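Reviewing the structure listed below.
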Amino acid sequence: MFGALGSVGRRVVEEGRRRGHEVAEVSRRAGGGAEVGDAGMVADVVRLSAGRDVVIGATRPTPGREDELVAATRALLAGVAETGARLLIVGGAGSLVTPAGHMVLEAPDFPVELGPIARAGAEQLEVCRADREAEWTYLSPPVLLEPGERTGVFRVGGDEQVGEVISIEDLAVAVLDEVERPRYRRGRFTVGY
Ligand SMILES: NC(=O)c1ccc[n+]([C@@H]2O[C@H](COP(=O)([O-])OP(=O)(O)OC[C@H]3O[C@@H](n4cnc5c(N)ncnc54)[C@H](OP(=O)(O)O)[C@@H]3O)[C@@H](O)[C@H]2O)c1
């Protein structure tokens with residue numbers, strides 16, 4: 001799990017272990033108990049995904065360095081293509097299609113300050129869609145993703161928004177559901193209440 005110490009990553013790790021999976025945490029920082037690796041380095045992805053069934057990426061670059069998200073996505077795709085692990089990326093909501101028929105990030109009321117990360121997330125999805133080697137799946141959370149309850153009850157959809165909010169705990173349930181029973185191979189899905 002790349003981004004394992006982040007707010008999404010921590011809950012995905014917990015959900016995975018709760019279901020009895022062996023989960024390795026990866027962080028760029030030494031000392032947090034995780035294995036050290038950078039999602040943006042193909043050699044790290046190869047080393048850490050060798051012998052693994054699934055690699056999960058939930059990395060968020062620091063503001064101003066949004067380009068790193070796309071670079072990390074390319075490296076994750078290239079790395080798993082070499083080792084044969086499946087790749088599940090937790091991305092952004094910006095590229096989802098609203099009921100009005102436009103992209104979330106193009107809505108007039110979309111917060112300006114979220115523009116750079118939302119556009120990087122949309123590009124991240126395009127990079128996945130252009131890939132011909134890796135077995136990837138891209139999960140777009142809804143716009144509001146916050147710590148909350150693990151209910152296990154939510155809606156699942158494809159490119160269109162199915163709700164505007166979900167708890168990170170339930171997002172983690174959706175990640176592990178897809179890990180265990182893949183439904184969106186080389187595709188994007190979303191969840192929401
Ligand atoms: N509504 C939405 O669309 C929405 C809302 C929230 C989050 N998200 C998405 O969910 C994902 C995770 O977000 P989050 O809230 O969990 O972020 P976060 O709490 O900031 O954690 C992100 C983690 O990414 C790691 N990281 C960054 N670059 C890395 C790299 N190159 N290699 C390895 N690890 C790297 C950092 O770990 P280290 O510093 O330890 O390496 C950090 O712990 C992001 O893609 C974010 O855009 C989407």
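Chains: A, B, ... in order of the structure tokens. Residues: from 1 per chain. Ligands: from 1, in order shown.
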* Asked: Residues at most 8 Å from ligand 1, using only C-alpha atoms and all ligand atoms? Could they come as JSON, numbers by chain?
  -> {"A": [2, 3, 4, 5, 6, 7, 8, 9, 10, 26, 27, 28, 29, 37, 38, 39, 40, 41, 57, 58, 59, 60, 61, 62, 68, 69, 72, 89, 90, 91, 92, 93, 94, 117, 118, 121, 140, 141, 142, 143, 144, 145, 146]}
* **Close residues, stretch 161-177 of chain A itself excluded, 9 Å, only C-alpha atoms, min 5 positions apart in chain, as JSON, numbers by chain** => {"A": [7, 8, 9, 11, 12, 13, 14, 15, 16, 19, 56, 88, 90, 93, 96, 97, 98, 99, 104, 139, 140, 141, 142, 143, 144, 145, 146, 147, 148, 149, 150, 151, 152, 153, 154, 155, 156, 182, 190, 191, 192, 193]}
Once you have the residues from the selection above, write them out as a PDB file, in the first residue's frame, restricted to C-alpha atoms.
```pdb
ATOM      1  CA  SER A   7      -5.741   9.360   5.869  1.00  0.00           C
ATOM      2  CA  VAL A   8      -7.076   7.066   3.125  1.00  0.00           C
ATOM      3  CA  GLY A   9      -4.132   4.663   3.321  1.00  0.00           C
ATOM      4  CA  ARG A  11      -8.015   3.026   6.768  1.00  0.00           C
ATOM      5  CA  VAL A  12      -7.409   0.817   3.738  1.00  0.00           C
ATOM      6  CA  VAL A  13      -4.626  -0.962   5.628  1.00  0.00           C
ATOM      7  CA  GLU A  14      -6.948  -1.447   8.606  1.00  0.00           C
ATOM      8  CA  GLU A  15      -9.775  -2.780   6.434  1.00  0.00           C
ATOM      9  CA  GLY A  16      -7.392  -5.153   4.654  1.00  0.00           C
ATOM     10  CA  ARG A  19     -10.329  -9.148   6.424  1.00  0.00           C
ATOM     11  CA  ILE A  56      -2.880   0.015  -3.866  1.00  0.00           C
ATOM     12  CA  LEU A  88      -5.857  -0.126  -7.571  1.00  0.00           C
ATOM     13  CA  VAL A  90      -7.582   5.874  -5.145  1.00  0.00           C
ATOM     14  CA  ALA A  93     -13.606  13.071  -7.798  1.00  0.00           C
ATOM     15  CA  LEU A  96     -16.667  12.215 -12.399  1.00  0.00           C
ATOM     16  CA  VAL A  97     -19.693  13.172 -14.477  1.00  0.00           C
ATOM     17  CA  THR A  98     -22.431  15.088 -12.653  1.00  0.00           C
ATOM     18  CA  PRO A  99     -26.183  14.553 -13.158  1.00  0.00           C
ATOM     19  CA  VAL A 104     -17.311  17.765 -11.406  1.00  0.00           C
ATOM     20  CA  LEU A 139     -11.554   4.562  -7.758  1.00  0.00           C
ATOM     21  CA  SER A 140     -12.951   8.081  -7.679  1.00  0.00           C
ATOM     22  CA  PRO A 141     -14.211   9.028  -4.237  1.00  0.00           C
ATOM     23  CA  PRO A 142     -17.144  11.418  -4.103  1.00  0.00           C
ATOM     24  CA  VAL A 143     -16.386  15.114  -3.580  1.00  0.00           C
ATOM     25  CA  LEU A 144     -16.677  14.874   0.201  1.00  0.00           C
ATOM     26  CA  LEU A 145     -14.458  12.225   1.751  1.00  0.00           C
ATOM     27  CA  GLU A 146     -14.099  12.481   5.501  1.00  0.00           C
ATOM     28  CA  PRO A 147     -13.418  10.263   8.494  1.00  0.00           C
ATOM     29  CA  GLY A 148     -16.638   8.761   9.819  1.00  0.00           C
ATOM     30  CA  GLU A 149     -18.472   5.497  10.301  1.00  0.00           C
ATOM     31  CA  ARG A 150     -17.890   2.147   8.651  1.00  0.00           C
ATOM     32  CA  THR A 151     -21.426   1.250   7.573  1.00  0.00           C
ATOM     33  CA  GLY A 152     -20.708  -1.032   4.622  1.00  0.00           C
ATOM     34  CA  VAL A 153     -23.760   0.456   2.913  1.00  0.00           C
ATOM     35  CA  PHE A 154     -23.185   2.687  -0.104  1.00  0.00           C
ATOM     36  CA  ARG A 155     -23.884   2.928  -3.803  1.00  0.00           C
ATOM     37  CA  VAL A 156     -21.395   1.933  -6.481  1.00  0.00           C
ATOM     38  CA  PRO A 182     -12.703  -7.310  -9.214  1.00  0.00           C
ATOM     39  CA  THR A 190     -17.044   5.449  -7.766  1.00  0.00           C
ATOM     40  CA  VAL A 191     -18.991   5.140  -4.544  1.00  0.00           C
ATOM     41  CA  GLY A 192     -21.201   7.353  -2.414  1.00  0.00           C
ATOM     42  CA  TYR A 193     -24.243   7.452  -0.156  1.00  0.00           C
TER      43      TYR A 193
END
```
Please identify the helix (DSSP H, G or I) residues within stretch 111-142 of chain A (assignment by DSSP from backbone atoms) and present them as a CSV table (one decimal) with N, CA and C atoms, in the first residue's frame.
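File produced: part36.csv:
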```
chain,number,residue,atom,x,y,z
A,112,VAL,N,-12.0,26.8,-6.3
A,112,VAL,CA,-10.8,27.2,-7.1
A,112,VAL,C,-9.5,26.5,-6.5
A,113,GLU,N,-9.4,26.5,-5.2
A,113,GLU,CA,-8.2,26.0,-4.5
A,113,GLU,C,-8.0,24.5,-4.8
A,114,LEU,N,-9.1,23.8,-5.2
A,114,LEU,CA,-9.0,22.4,-5.4
A,114,LEU,C,-8.6,22.1,-6.9
A,115,GLY,N,-8.6,23.2,-7.7
A,115,GLY,CA,-8.4,23.0,-9.2
A,115,GLY,C,-7.1,22.2,-9.5
A,116,PRO,N,-5.9,22.5,-9.0
A,116,PRO,CA,-4.7,21.8,-9.4
A,116,PRO,C,-4.8,20.3,-9.0
A,117,ILE,N,-5.2,19.9,-7.8
A,117,ILE,CA,-5.2,18.5,-7.5
A,117,ILE,C,-6.3,17.8,-8.3
A,118,ALA,N,-7.4,18.5,-8.6
A,118,ALA,CA,-8.5,17.9,-9.3
A,118,ALA,C,-8.1,17.6,-10.8
A,119,ARG,N,-7.4,18.6,-11.3
A,119,ARG,CA,-6.9,18.4,-12.7
A,119,ARG,C,-5.8,17.3,-12.8
A,120,ALA,N,-5.0,17.3,-11.8
A,120,ALA,CA,-4.0,16.2,-11.7
A,120,ALA,C,-4.7,14.8,-11.6
A,121,GLY,N,-5.7,14.8,-10.8
A,121,GLY,CA,-6.5,13.5,-10.7
A,121,GLY,C,-7.1,13.1,-12.0
A,122,ALA,N,-7.6,14.1,-12.8
A,122,ALA,CA,-8.2,13.8,-14.1
A,122,ALA,C,-7.2,13.3,-15.0
A,123,GLU,N,-6.0,13.9,-15.0
A,123,GLU,CA,-4.9,13.4,-15.8
A,123,GLU,C,-4.4,12.0,-15.4
A,124,GLN,N,-4.4,11.8,-14.1
A,124,GLN,CA,-4.1,10.5,-13.6
A,124,GLN,C,-5.0,9.4,-14.2
A,125,LEU,N,-6.2,9.7,-14.3
A,125,LEU,CA,-7.2,8.7,-14.9
A,125,LEU,C,-6.9,8.5,-16.4
A,126,GLU,N,-6.6,9.6,-17.1
A,126,GLU,CA,-6.2,9.5,-18.5
A,126,GLU,C,-5.0,8.6,-18.7
A,127,VAL,N,-4.0,8.8,-17.8
A,127,VAL,CA,-2.8,8.0,-17.9
A,127,VAL,C,-3.1,6.5,-17.8
A,128,CYS,N,-4.0,6.2,-16.8
A,128,CYS,CA,-4.4,4.8,-16.6
A,128,CYS,C,-5.1,4.3,-17.9
A,129,ARG,N,-6.0,5.1,-18.4
A,129,ARG,CA,-6.8,4.7,-19.6
A,129,ARG,C,-5.9,4.5,-20.8
A,130,ALA,N,-4.8,5.2,-20.9
A,130,ALA,CA,-3.9,5.1,-22.1
A,130,ALA,C,-3.0,3.9,-21.9
```
* For A:Arg74, which residue among A:Ala24, A:Ala34, A:Leu105, A:Leu87 is the nearest when counting only C-alpha atoms? -> A:Leu87
* Proximity to A:Arg188 - best of A:Gly158, A:Ala78, A:Gly84, A:Ala100, only C-alpha atoms ->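 Looking at the shortest contact to A:Arg188, the residue is A:Gly158.
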* To do: Determine which residues of stretch 3-152 of chain A DSSP labels as strand (DSSP E or B) from the backbone of this structure, then write them out as number ranges by chain.
  => A: 26-27, 35-36, 54-57, 86-90, 97, 103, 136-140, 144-146
